>>> print(open('work-v5.txt').read())   # compact mmCIF, C-alpha atoms and all ligand atoms
# COMPACT_ATOMS: atom_id res chain seq x y z
CA MET A 1 -28.28 -100.63 85.39
CA THR A 2 -27.08 -102.74 88.27
CA THR A 3 -27.86 -103.64 91.86
CA SER A 4 -24.15 -103.84 92.74
CA PRO A 5 -22.73 -101.04 94.88
CA ILE A 6 -21.17 -98.33 92.73
CA LEU A 7 -17.93 -96.38 93.17
CA LEU A 8 -17.24 -93.19 91.23
CA ILE A 9 -13.64 -91.89 91.30
CA PHE A 10 -12.74 -88.40 90.10
CA GLY A 11 -9.04 -88.13 89.29
CA ALA A 12 -8.59 -91.82 88.57
CA GLY A 13 -4.91 -92.02 87.68
CA PRO A 14 -2.27 -94.76 87.64
CA ASN A 15 -1.52 -94.75 91.37
CA SER A 16 -4.34 -94.45 93.95
CA GLY A 17 -6.96 -94.29 91.22
CA GLN A 18 -6.06 -97.70 89.83
CA SER A 19 -5.47 -99.32 93.25
CA VAL A 20 -8.77 -98.06 94.63
CA SER A 21 -10.60 -99.13 91.49
CA ARG A 22 -9.10 -102.64 91.63
CA ALA A 23 -9.90 -103.11 95.32
CA PHE A 24 -13.55 -102.09 94.91
CA LEU A 25 -13.97 -104.22 91.75
CA ASN A 26 -12.69 -107.20 93.73
CA ARG A 27 -15.27 -106.45 96.40
CA GLY A 28 -18.11 -106.66 93.86
CA TYR A 29 -18.54 -102.96 93.08
CA LYS A 30 -19.11 -101.50 89.62
CA VAL A 31 -16.59 -98.73 89.13
CA ALA A 32 -16.79 -95.47 87.21
CA LEU A 33 -13.50 -93.67 86.50
CA ALA A 34 -13.32 -89.98 85.59
CA ALA A 35 -10.14 -88.15 84.52
CA ARG A 36 -8.91 -86.27 81.46
CA SER A 37 -7.09 -89.18 79.85
CA VAL A 38 -9.41 -92.13 80.52
CA LYS A 39 -10.87 -93.73 77.38
CA GLU A 40 -14.39 -94.99 76.87
CA SER A 41 -12.95 -97.63 74.56
CA ASP A 42 -11.49 -99.26 77.72
CA ASN A 43 -14.97 -99.81 79.21
CA THR A 44 -15.75 -103.31 80.47
CA LYS A 45 -19.01 -104.57 81.91
CA ASP A 46 -17.89 -103.63 85.45
CA GLN A 47 -15.72 -100.58 84.79
CA TYR A 48 -16.77 -97.48 82.87
CA HIS A 49 -14.63 -94.50 81.88
CA TYR A 50 -15.75 -90.85 81.67
CA PRO A 51 -13.29 -88.36 80.17
CA SER A 52 -13.66 -85.24 82.37
CA ASP A 53 -11.62 -82.11 83.00
CA LEU A 54 -12.18 -81.00 86.59
CA THR A 55 -10.93 -77.47 85.95
CA ASP A 56 -14.54 -77.14 84.72
CA PRO A 57 -16.99 -77.92 87.58
CA ASN A 58 -19.75 -78.60 85.02
CA SER A 59 -17.84 -81.72 84.01
CA VAL A 60 -18.72 -83.19 87.43
CA VAL A 61 -22.45 -82.83 86.82
CA LYS A 62 -22.06 -84.39 83.36
CA ALA A 63 -20.10 -87.35 84.77
CA PHE A 64 -22.77 -87.98 87.45
CA GLU A 65 -25.54 -87.82 84.83
CA ARG A 66 -23.79 -90.43 82.70
CA VAL A 67 -22.90 -92.72 85.61
CA ASN A 68 -26.47 -92.57 86.95
CA LYS A 69 -27.72 -93.58 83.52
CA ASP A 70 -25.12 -96.26 82.73
CA LEU A 71 -24.62 -97.89 86.13
CA GLY A 72 -26.93 -96.31 88.72
CA ILE A 73 -26.41 -94.04 91.71
CA PRO A 74 -22.90 -94.13 93.23
CA ASN A 75 -22.89 -94.91 96.94
CA VAL A 76 -19.14 -94.25 97.22
CA VAL A 77 -17.60 -91.16 95.66
CA VAL A 78 -13.82 -90.67 95.82
CA TYR A 79 -12.38 -87.32 94.75
CA ASN A 80 -8.70 -88.00 94.13
CA ALA A 81 -7.65 -85.30 91.65
CA GLY A 82 -5.24 -82.66 92.91
CA ALA A 83 -3.75 -79.65 91.17
CA LEU A 84 -0.91 -77.26 91.89
CA THR A 85 0.81 -74.28 90.28
CA ARG A 86 4.38 -74.07 91.57
CA THR A 87 4.94 -70.52 92.79
CA SER A 88 8.04 -68.67 93.95
CA ALA A 89 8.55 -68.86 97.72
CA GLU A 90 9.63 -65.18 97.67
CA ASP A 91 6.60 -63.96 95.75
CA PRO A 92 3.84 -66.58 95.96
CA LEU A 93 0.99 -64.12 95.44
CA ALA A 94 2.30 -63.29 91.97
CA ILE A 95 0.38 -66.34 90.68
CA SER A 96 -1.91 -65.53 87.74
CA ILE A 97 -5.61 -65.41 88.55
CA SER A 98 -6.29 -67.81 85.74
CA ASP A 99 -3.87 -70.41 87.23
CA PHE A 100 -5.28 -69.83 90.70
CA ASN A 101 -8.88 -70.29 89.51
CA SER A 102 -8.04 -73.40 87.54
CA THR A 103 -6.27 -75.04 90.52
CA PHE A 104 -8.96 -73.94 92.94
CA ASN A 105 -11.61 -75.45 90.66
CA VAL A 106 -9.85 -78.84 90.68
CA ASN A 107 -9.06 -78.84 94.42
CA THR A 108 -12.26 -77.28 95.75
CA VAL A 109 -15.07 -76.02 93.49
CA SER A 110 -15.43 -79.30 91.57
CA VAL A 111 -15.27 -81.11 94.92
CA LEU A 112 -18.21 -79.06 96.18
CA VAL A 113 -20.16 -79.95 93.04
CA ALA A 114 -19.20 -83.63 93.44
CA ALA A 115 -20.33 -83.57 97.08
CA GLN A 116 -23.63 -81.90 96.09
CA GLN A 117 -24.23 -84.53 93.42
CA ALA A 118 -23.22 -87.33 95.77
CA ILE A 119 -25.70 -86.10 98.41
CA LEU A 120 -28.45 -85.85 95.80
CA GLY A 121 -27.78 -89.49 94.91
CA PHE A 122 -27.40 -90.63 98.54
CA SER A 123 -30.87 -89.24 99.28
CA LYS A 124 -32.34 -91.62 96.68
CA LEU A 125 -30.49 -94.74 97.84
CA PRO A 126 -32.06 -97.26 100.24
CA LYS A 127 -31.56 -96.45 103.92
CA GLU A 128 -29.34 -99.50 104.46
CA ALA A 129 -26.88 -98.61 101.65
CA SER A 130 -23.55 -97.31 102.89
CA LYS A 131 -22.96 -93.75 101.61
CA THR A 132 -19.45 -92.35 101.61
CA PHE A 133 -17.58 -89.38 100.14
CA ILE A 134 -13.77 -89.43 100.37
CA TYR A 135 -11.45 -86.59 99.35
CA THR A 136 -7.72 -87.28 98.96
CA GLY A 137 -6.00 -84.48 100.80
CA ASN A 138 -2.47 -83.84 102.02
CA ILE A 139 -0.79 -81.99 104.88
CA LEU A 140 -1.47 -78.55 103.39
CA ASN A 141 -4.64 -78.01 105.38
CA GLU A 142 -2.39 -77.85 108.47
CA VAL A 143 0.97 -76.65 107.20
CA THR A 144 1.85 -73.78 104.86
CA MET A 145 4.46 -74.10 102.07
CA ALA A 146 4.85 -70.92 100.04
CA GLN A 147 5.79 -72.70 96.78
CA LEU A 148 2.64 -74.83 97.03
CA PHE A 149 0.46 -71.86 97.94
CA ASP A 150 -2.53 -72.38 95.63
CA GLY A 151 -2.63 -76.13 96.24
CA GLY A 152 -2.70 -75.45 99.99
CA VAL A 153 -5.51 -72.91 99.70
CA GLY A 154 -7.59 -75.55 97.90
CA LYS A 155 -6.80 -78.44 100.27
CA ALA A 156 -7.42 -76.26 103.34
CA ALA A 157 -10.75 -74.98 101.98
CA THR A 158 -11.87 -78.51 101.13
CA ALA A 159 -10.80 -79.90 104.52
CA HIS A 160 -13.05 -77.23 106.04
CA MET A 161 -15.90 -78.26 103.76
CA ILE A 162 -15.45 -81.98 104.52
CA GLU A 163 -15.35 -81.37 108.28
CA ILE A 164 -18.58 -79.40 108.07
CA ALA A 165 -20.26 -82.02 105.86
CA ALA A 166 -19.18 -84.87 108.18
CA GLY A 167 -21.05 -83.15 111.03
CA ALA A 168 -24.03 -81.82 109.07
CA TYR A 169 -25.00 -85.09 107.31
CA LYS A 170 -24.02 -87.50 110.07
CA ASP A 171 -27.58 -88.15 111.18
CA LYS A 172 -28.53 -89.07 107.61
CA GLY A 173 -25.76 -91.69 107.65
CA TYR A 174 -23.64 -89.92 104.99
CA LYS A 175 -19.92 -90.19 105.74
CA PHE A 176 -17.36 -87.60 104.62
CA TYR A 177 -13.58 -88.00 104.88
CA TYR A 178 -10.46 -85.98 104.18
CA ALA A 179 -7.81 -88.69 103.66
CA ASP A 180 -4.19 -87.67 104.19
CA GLU A 181 -1.30 -90.16 104.24
CA ARG A 182 1.65 -89.21 106.47
CA LYS A 183 5.03 -90.57 107.50
CA PRO A 184 5.16 -92.12 110.99
CA ASP A 185 6.62 -88.89 112.41
CA GLY A 186 3.61 -86.96 111.13
CA SER A 187 5.46 -85.24 108.27
CA ALA A 188 4.18 -85.14 104.67
CA ILE A 189 4.68 -87.93 102.23
CA PHE A 190 5.34 -87.04 98.60
CA ARG A 191 4.30 -90.19 96.79
CA VAL A 192 1.21 -91.76 98.32
CA ASN A 193 0.79 -95.54 98.63
CA GLY A 194 -2.05 -96.47 96.26
CA ASP A 195 -2.73 -99.92 97.74
CA ALA A 196 -2.83 -98.56 101.30
CA HIS A 197 -5.29 -95.91 100.14
CA ALA A 198 -7.42 -98.63 98.58
CA ASP A 199 -7.51 -100.68 101.82
CA GLN A 200 -8.36 -97.64 103.88
CA PHE A 201 -11.03 -96.38 101.48
CA LEU A 202 -12.72 -99.80 101.43
CA GLN A 203 -12.85 -99.83 105.21
CA LEU A 204 -14.26 -96.31 105.31
CA ALA A 205 -16.86 -97.16 102.66
CA GLU A 206 -17.98 -100.32 104.41
CA ALA A 207 -18.20 -98.93 107.93
CA LYS A 208 -21.79 -98.36 109.02
CA GLU A 209 -21.13 -94.89 110.39
CA GLN A 210 -18.52 -92.15 110.38
CA VAL A 211 -15.76 -94.10 112.09
CA TYR A 212 -12.67 -92.05 112.23
CA SER A 213 -12.00 -88.43 112.57
CA ARG A 214 -8.73 -86.69 113.40
CA ILE A 215 -8.45 -83.74 115.69
CA PRO A 216 -5.58 -81.77 114.09
CA VAL A 217 -2.75 -81.42 116.62
CA PRO A 218 0.07 -78.92 115.93
CA PRO A 219 3.24 -81.04 116.52
CA GLU A 220 5.20 -78.00 117.70
CA ASN A 221 2.58 -77.17 120.33
CA PRO A 222 0.50 -80.28 121.06
CA LEU A 223 -0.85 -78.98 124.37
CA SER A 224 -2.63 -76.18 122.52
CA LEU A 225 -5.56 -78.59 121.92
CA SER A 226 -8.73 -76.88 123.11
CA LEU A 227 -10.62 -78.53 125.97
CA ASN A 228 -13.39 -79.37 123.52
CA ASP A 229 -11.01 -81.06 121.03
CA PHE A 230 -9.26 -82.87 123.88
CA GLN A 231 -12.59 -84.26 125.10
CA ASN A 232 -13.65 -85.12 121.56
CA SER A 233 -10.46 -87.11 120.93
CA LEU A 234 -11.10 -89.12 124.08
CA ASN A 235 -14.71 -89.66 123.02
CA LEU A 236 -13.71 -91.02 119.62
CA HIS A 237 -12.01 -94.28 120.59
CA PRO A 238 -11.71 -95.17 124.28
CA THR A 239 -15.24 -94.15 125.22
CA LYS A 240 -16.67 -96.34 122.47
CA ALA A 241 -14.25 -99.17 123.30
CA ASN A 242 -15.39 -98.98 126.92
CA VAL A 243 -19.05 -99.18 125.90
CA ALA A 244 -18.27 -102.15 123.63
CA ALA A 245 -16.43 -103.92 126.48
CA GLN A 246 -19.37 -103.27 128.86
CA GLN A 247 -21.78 -104.74 126.34
CA ALA A 248 -19.48 -107.71 125.76
CA ILE A 249 -19.39 -108.45 129.51
CA ALA A 250 -23.18 -108.20 129.71
CA GLY A 251 -23.35 -110.80 126.90
CA PHE A 252 -20.60 -113.02 128.39
CA ASP A 253 -22.69 -113.22 131.59
CA LYS A 254 -25.37 -115.07 129.65
CA LEU A 255 -23.01 -117.58 128.03
CA PRO A 256 -22.25 -121.01 129.55
CA SER A 257 -19.30 -120.84 131.94
CA SER A 258 -17.35 -123.24 129.73
CA ALA A 259 -17.59 -120.98 126.65
CA PRO A 260 -14.40 -119.04 125.89
CA LYS A 261 -15.05 -115.30 125.96
CA THR A 262 -12.67 -112.83 124.43
CA PHE A 263 -12.61 -109.08 123.85
CA ILE A 264 -9.90 -107.77 121.51
CA TYR A 265 -9.08 -104.11 120.93
CA THR A 266 -6.86 -103.31 117.95
CA GLY A 267 -4.28 -100.87 119.23
CA ASN A 268 -0.97 -99.56 118.01
CA CYS A 269 2.31 -98.50 119.58
CA LEU A 270 0.96 -95.12 120.68
CA ASN A 271 0.27 -96.37 124.19
CA THR A 272 4.05 -96.62 124.66
CA VAL A 273 5.42 -94.04 122.21
CA ALA A 274 4.72 -90.31 122.48
CA ASN A 275 4.22 -88.59 119.11
CA PRO A 276 3.17 -84.94 119.45
CA GLY A 277 1.61 -84.61 115.96
CA ILE A 278 -0.85 -87.40 116.69
CA LEU A 279 -1.47 -86.73 120.37
CA ASP A 280 -5.21 -87.21 119.81
CA ILE A 281 -4.73 -90.81 118.63
CA GLY A 282 -2.19 -91.48 121.38
CA LEU A 283 -4.67 -90.27 124.01
CA GLY A 284 -7.24 -92.68 122.64
CA LYS A 285 -4.94 -95.70 122.35
CA SER A 286 -3.32 -95.14 125.78
CA THR A 287 -6.68 -94.85 127.49
CA ALA A 288 -8.02 -97.92 125.70
CA ALA A 289 -4.86 -99.86 126.67
CA LEU A 290 -5.46 -98.92 130.31
CA ILE A 291 -9.08 -100.11 130.06
CA ILE A 292 -7.91 -103.45 128.61
CA GLU A 293 -5.11 -103.91 131.15
CA THR A 294 -7.51 -103.14 134.01
CA ALA A 295 -10.21 -105.46 132.65
CA ALA A 296 -7.77 -108.33 132.00
CA ASP A 297 -6.80 -108.24 135.67
CA ALA A 298 -10.13 -107.30 137.27
CA TYR A 299 -12.33 -109.94 135.66
CA LYS A 300 -10.09 -112.92 135.95
CA ASP A 301 -10.94 -113.43 139.67
CA LYS A 302 -14.60 -112.54 139.55
CA GLY A 303 -16.18 -115.59 138.07
CA TYR A 304 -15.03 -114.52 134.64
CA ASN A 305 -12.03 -116.79 134.59
CA GLN A 306 -12.74 -117.62 130.98
CA VAL A 307 -12.91 -113.98 129.93
CA ARG A 308 -9.89 -112.51 128.22
CA PHE A 309 -9.13 -108.96 127.28
CA TYR A 310 -6.42 -108.12 124.78
CA TYR A 311 -4.85 -105.01 123.32
CA ALA A 312 -3.47 -106.29 120.00
CA LEU A 313 -0.93 -104.40 117.95
CA LYS A 314 1.52 -105.07 115.17
CA ARG A 315 5.21 -104.27 115.10
CA ALA A 316 8.12 -104.85 112.76
CA PRO A 317 10.50 -107.65 113.87
CA ASN A 318 12.90 -105.05 115.34
CA SER A 319 9.97 -103.77 117.47
CA ALA A 320 9.57 -100.59 115.39
CA PRO A 321 5.94 -99.55 114.82
CA ALA A 322 4.30 -101.20 111.80
CA ILE A 323 2.60 -98.67 109.59
CA PHE A 324 0.26 -100.86 107.59
CA ILE A 325 -1.48 -103.66 109.34
CA ASP A 326 -1.82 -107.02 107.64
CA GLY A 327 -5.51 -107.96 107.77
CA GLU A 328 -4.95 -111.66 107.14
CA ALA A 329 -2.24 -112.03 109.79
CA HIS A 330 -4.51 -110.21 112.26
CA GLY A 331 -7.36 -112.57 111.37
CA LYS A 332 -5.21 -115.61 112.16
CA PHE A 333 -3.88 -114.03 115.33
CA PHE A 334 -7.38 -113.09 116.54
CA LEU A 335 -8.48 -116.67 116.02
CA GLU A 336 -5.65 -117.92 118.23
CA LEU A 337 -6.33 -115.54 121.14
CA PRO A 338 -9.72 -117.00 122.22
CA GLU A 339 -8.31 -120.52 121.91
CA GLY A 340 -5.66 -120.05 124.61
CA LYS A 341 -6.49 -121.82 127.90
CA THR A 342 -6.08 -118.73 130.10
CA GLN A 343 -5.62 -114.99 129.77
CA GLY A 344 -2.20 -114.30 128.26
CA HIS A 345 -0.43 -110.97 128.65
CA TRP A 346 -3.05 -108.26 128.02
CA SER A 347 -0.84 -106.58 125.41
CA GLN A 348 -0.32 -108.91 122.43
CA THR A 349 2.11 -107.94 119.71
CA LEU A 350 1.92 -109.46 116.26
CA VAL A 351 5.01 -109.55 114.04
CA LYS A 352 4.43 -110.40 110.41
CA GLY A 353 5.81 -113.84 109.58
CA GLU A 354 6.54 -114.61 113.26
CA GLY A 355 3.12 -114.48 114.92
CA TYR A 356 2.97 -113.39 118.56
CA LYS A 357 6.25 -112.10 119.91
CA ALA A 358 6.81 -110.99 123.49
CA PHE A 359 8.32 -107.53 123.54
CA PRO A 360 9.07 -106.10 126.93
CA TYR A 361 6.19 -103.71 127.67
CA LYS A 362 7.74 -100.36 128.34
CA ARG A 363 7.16 -96.71 127.71
CA GLN A 364 9.64 -95.44 125.11
N1 LIG A 401 -0.73 -87.18 101.66
C1 LIG A 401 0.17 -86.57 100.91
O1 LIG A 401 1.14 -86.02 101.40
C2 LIG A 401 0.01 -86.57 99.41
C3 LIG A 401 1.14 -86.67 98.60
C4 LIG A 401 0.95 -86.72 97.23
C5 LIG A 401 -0.32 -86.62 96.68
N2 LIG A 401 -1.39 -86.48 97.51
C6 LIG A 401 -2.74 -86.36 96.93
O2 LIG A 401 -3.07 -87.59 96.30
C7 LIG A 401 -3.90 -87.33 95.16
C8 LIG A 401 -3.29 -87.98 93.92
O3 LIG A 401 -2.88 -89.27 94.27
P1 LIG A 401 -2.11 -90.21 93.27
O4 LIG A 401 -0.79 -89.65 92.93
O5 LIG A 401 -2.15 -91.56 93.83
O6 LIG A 401 -3.10 -90.10 92.04
P2 LIG A 401 -3.35 -91.00 90.79
O7 LIG A 401 -4.49 -91.88 91.10
O8 LIG A 401 -2.15 -91.64 90.23
O9 LIG A 401 -3.76 -89.83 89.75
C9 LIG A 401 -4.56 -88.71 89.99
C10 LIG A 401 -5.15 -88.33 88.66
O10 LIG A 401 -5.92 -87.14 88.79
C11 LIG A 401 -6.18 -86.73 87.48
N3 LIG A 401 -6.37 -85.29 87.38
C12 LIG A 401 -5.51 -84.31 87.68
N4 LIG A 401 -6.01 -83.13 87.29
C13 LIG A 401 -7.22 -83.38 86.73
C14 LIG A 401 -8.20 -82.61 86.10
N5 LIG A 401 -8.05 -81.29 85.90
N6 LIG A 401 -9.32 -83.21 85.64
C15 LIG A 401 -9.48 -84.55 85.75
N7 LIG A 401 -8.58 -85.34 86.33
C16 LIG A 401 -7.46 -84.77 86.79
C17 LIG A 401 -4.94 -87.12 86.63
O11 LIG A 401 -5.38 -87.90 85.52
P3 LIG A 401 -5.52 -87.23 84.05
O12 LIG A 401 -4.19 -86.63 83.72
O13 LIG A 401 -5.90 -88.38 83.18
O14 LIG A 401 -6.59 -86.21 84.14
C18 LIG A 401 -4.13 -87.98 87.58
O15 LIG A 401 -3.59 -89.12 86.96
C19 LIG A 401 -3.98 -85.83 95.00
O16 LIG A 401 -5.21 -85.38 95.51
C20 LIG A 401 -2.82 -85.33 95.84
O17 LIG A 401 -3.03 -84.03 96.35
C21 LIG A 401 -1.25 -86.49 98.86
>>> encode(input="work-v5.txt", output="structure tokens", more="lines below")
Ligand SMILES: NC(=O)c1ccc[n+]([C@@H]2O[C@H](COP(=O)([O-])OP(=O)(O)OC[C@H]3O[C@@H](n4cnc5c(N)ncnc54)[C@H](OP(=O)(O)O)[C@@H]3O)[C@@H](O)[C@H]2O)c1
Amino acid sequence: MTTSPILLIFGAGPNSGQSVSRAFLNRGYKVALAARSVKESDNTKDQYHYPSDLTDPNSVVKAFERVNKDLGIPNVVVYNAGALTRTSAEDPLAISISDFNSTFNVNTVSVLVAAQQAILGFSKLPKEASKTFIYTGNILNEVTMAQLFDGGVGKAATAHMIEIAAGAYKDKGYKFYYADERKPDGSAIFRVNGDAHADQFLQLAEAKEQVYSRIPVPPENPLSLSLNDFQNSLNLHPTKANVAAQQAIAGFDKLPSSAPKTFIYTGNCLNTVANPGILDIGLGKSTAALIIETAADAYKDKGYNQVRFYYALKRAPNSAPAIFIDGEAHGKFFLELPEGKTQGHWSQTLVKGEGYKAFPYKRQ
């Protein structure tokens, strides 16, 4: 038994499974790995292995029982296993019921059992413990591909379940995520980046509340967003950024006039680049950029001459959007911004290895 936070990963394989496990171990977690081929003989004091076949949902209950006994109650559960029976695009429904059931168990039924078990555990953890359930999805909850029919049925059903859980358990502080890596143009990726998953999962696990939720936008018809979804996507980022900036100003008012005061919003290129498949994020980033630009100008002549507002983003040296941000480079960059004597340009672009680089600010 341990007082360290505990991560349990179902479907812990060589790619995301190993990367996620390594990242959480480095952060001081004890890690439990469940998959068919893991070996108990590989157990160490911080990492336990539970051979489990997720085509049988009972294996999930057994794994939780053993983890609870060996390590304690997991506060982060990652469900990373995925299954698929390749079907013919001309006759996808010819799949055998036994194959369909087996895939559906891995992609959905065992996930439901894992979520039930996770919730049972979360309810026994101290209030202050972060409680997170992450399911590795893909694009198939939004796009149909006949040859991947049964995999898509499972991912779509589980996305539905995760969305419902994220809303239903929000007030208890339980966070639920459907994680789906995409290419910059919004299309599917076929080999996911394990280390990027690990970074993202750590951030999701450590955030105090449900921090990020996508409103699915059909790229071929982005303006079909319902009024409700449109308003929700604006509420997600810019509304909260505006509240944070208001609170920051209220605090700055109480600081000595000589103290440097800086508000930094981490943006991306979506305030200058239109991408229909991620219109919801673009709406948020563009609105936040406008708030920052307005504040940078408005407060500099109103007795807030020490106050700076920045929209910080990262780009590749050729100005192309950077997909993965570099936490350390951002840290260094964020330290430099408050140290400048006056407000610099409100939009600050970081280029890895080069620091701040002035790109002409223009809509593309
Ligand atoms: N965003 C995208 O477009 C995209 C693209 C590719 C994949 N994905 C998703 O990413 C996840 C996999 O990521 P990855 O490739 O990085 O995984 P990984 O960590 O390398 O491995 C996943 C592991 O799941 C385990 N697994 C599969 N079926 C299982 C079963 N019946 N019972 C127990 N464990 C099982 C396998 O281990 P054992 O053989 O030892 O059981 C496998 O090694 C899947 O959910 C997949 O759908 C998303």
>>> atom_distance(input="work-v5.txt", atom1="atom CA of A:Phe10", atom2="atom CA of A:Pro92")
28.0 Å
>>> atom_distance(input="work-v5.txt", atom1="atom CA of A:Lys172", atom2="atom CA of A:Ala115")
14.4 Å
>>> axis_aligned_box(input="work-v5.txt", around="ligand LIG 401 (chain A)", padding_each_side="4 Å", output="JSON")
{"center_x": -4.2, "center_y": -86.6, "center_z": 92.4, "size_x": 18.6, "size_y": 18.6, "size_z": 26.5}
>>> residues_near_ligand(input="work-v5.txt", ligand="ligand LIG 401 (chain A)", cutoff="9 Å", atoms="only C-alpha atoms and all ligand atoms", output="mmCIF file with C-alpha atoms, in the coordinates of the input")
data_model
loop_
_atom_site.group_PDB
_atom_site.id
_atom_site.type_symbol
_atom_site.label_atom_id
_atom_site.label_comp_id
_atom_site.auth_asym_id
_atom_site.auth_seq_id
_atom_site.Cartn_x
_atom_site.Cartn_y
_atom_site.Cartn_z
ATOM 1 C CA PHE A 10 -12.740 -88.400 90.100
ATOM 2 C CA GLY A 11 -9.040 -88.130 89.290
ATOM 3 C CA ALA A 12 -8.590 -91.820 88.570
ATOM 4 C CA GLY A 13 -4.910 -92.020 87.680
ATOM 5 C CA PRO A 14 -2.270 -94.760 87.640
ATOM 6 C CA ASN A 15 -1.520 -94.750 91.370
ATOM 7 C CA SER A 16 -4.340 -94.450 93.950
ATOM 8 C CA GLY A 17 -6.960 -94.290 91.220
ATOM 9 C CA GLN A 18 -6.060 -97.700 89.830
ATOM 10 C CA SER A 19 -5.470 -99.320 93.250
ATOM 11 C CA VAL A 20 -8.770 -98.060 94.630
ATOM 12 C CA ALA A 34 -13.320 -89.980 85.590
ATOM 13 C CA ALA A 35 -10.140 -88.150 84.520
ATOM 14 C CA ARG A 36 -8.910 -86.270 81.460
ATOM 15 C CA SER A 37 -7.090 -89.180 79.850
ATOM 16 C CA VAL A 38 -9.410 -92.130 80.520
ATOM 17 C CA PRO A 51 -13.290 -88.360 80.170
ATOM 18 C CA SER A 52 -13.660 -85.240 82.370
ATOM 19 C CA ASP A 53 -11.620 -82.110 83.000
ATOM 20 C CA LEU A 54 -12.180 -81.000 86.590
ATOM 21 C CA THR A 55 -10.930 -77.470 85.950
ATOM 22 C CA ASP A 56 -14.540 -77.140 84.720
ATOM 23 C CA SER A 59 -17.840 -81.720 84.010
ATOM 24 C CA TYR A 79 -12.380 -87.320 94.750
ATOM 25 C CA ASN A 80 -8.700 -88.000 94.130
ATOM 26 C CA ALA A 81 -7.650 -85.300 91.650
ATOM 27 C CA GLY A 82 -5.240 -82.660 92.910
ATOM 28 C CA ALA A 83 -3.750 -79.650 91.170
ATOM 29 C CA LEU A 84 -0.910 -77.260 91.890
ATOM 30 C CA SER A 102 -8.040 -73.400 87.540
ATOM 31 C CA THR A 103 -6.270 -75.040 90.520
ATOM 32 C CA ASN A 105 -11.610 -75.450 90.660
ATOM 33 C CA VAL A 106 -9.850 -78.840 90.680
ATOM 34 C CA ASN A 107 -9.060 -78.840 94.420
ATOM 35 C CA TYR A 135 -11.450 -86.590 99.350
ATOM 36 C CA THR A 136 -7.720 -87.280 98.960
ATOM 37 C CA GLY A 137 -6.000 -84.480 100.800
ATOM 38 C CA ASN A 138 -2.470 -83.840 102.020
ATOM 39 C CA ILE A 139 -0.790 -81.990 104.880
ATOM 40 C CA LEU A 140 -1.470 -78.550 103.390
ATOM 41 C CA GLY A 151 -2.630 -76.130 96.240
ATOM 42 C CA LYS A 155 -6.800 -78.440 100.270
ATOM 43 C CA ALA A 179 -7.810 -88.690 103.660
ATOM 44 C CA ASP A 180 -4.190 -87.670 104.190
ATOM 45 C CA GLU A 181 -1.300 -90.160 104.240
ATOM 46 C CA ARG A 182 1.650 -89.210 106.470
ATOM 47 C CA LYS A 183 5.030 -90.570 107.500
ATOM 48 C CA SER A 187 5.460 -85.240 108.270
ATOM 49 C CA ALA A 188 4.180 -85.140 104.670
ATOM 50 C CA ILE A 189 4.680 -87.930 102.230
ATOM 51 C CA PHE A 190 5.340 -87.040 98.600
ATOM 52 C CA ARG A 191 4.300 -90.190 96.790
ATOM 53 C CA VAL A 192 1.210 -91.760 98.320
ATOM 54 C CA ASN A 193 0.790 -95.540 98.630
ATOM 55 C CA GLY A 194 -2.050 -96.470 96.260
ATOM 56 C CA HIS A 197 -5.290 -95.910 100.140
#
>>> closest_residue(input="work-v5.txt", among="A:Thr262, A:Ser347, A:Gln210, A:Ser88", to="A:Ser130", atoms="all atoms listed in the file")
A:Gln210
>>> atom_distance(input="work-v5.txt", atom1="atom CA of A:Val31", atom2="atom CA of A:Ala207")
18.9 Å
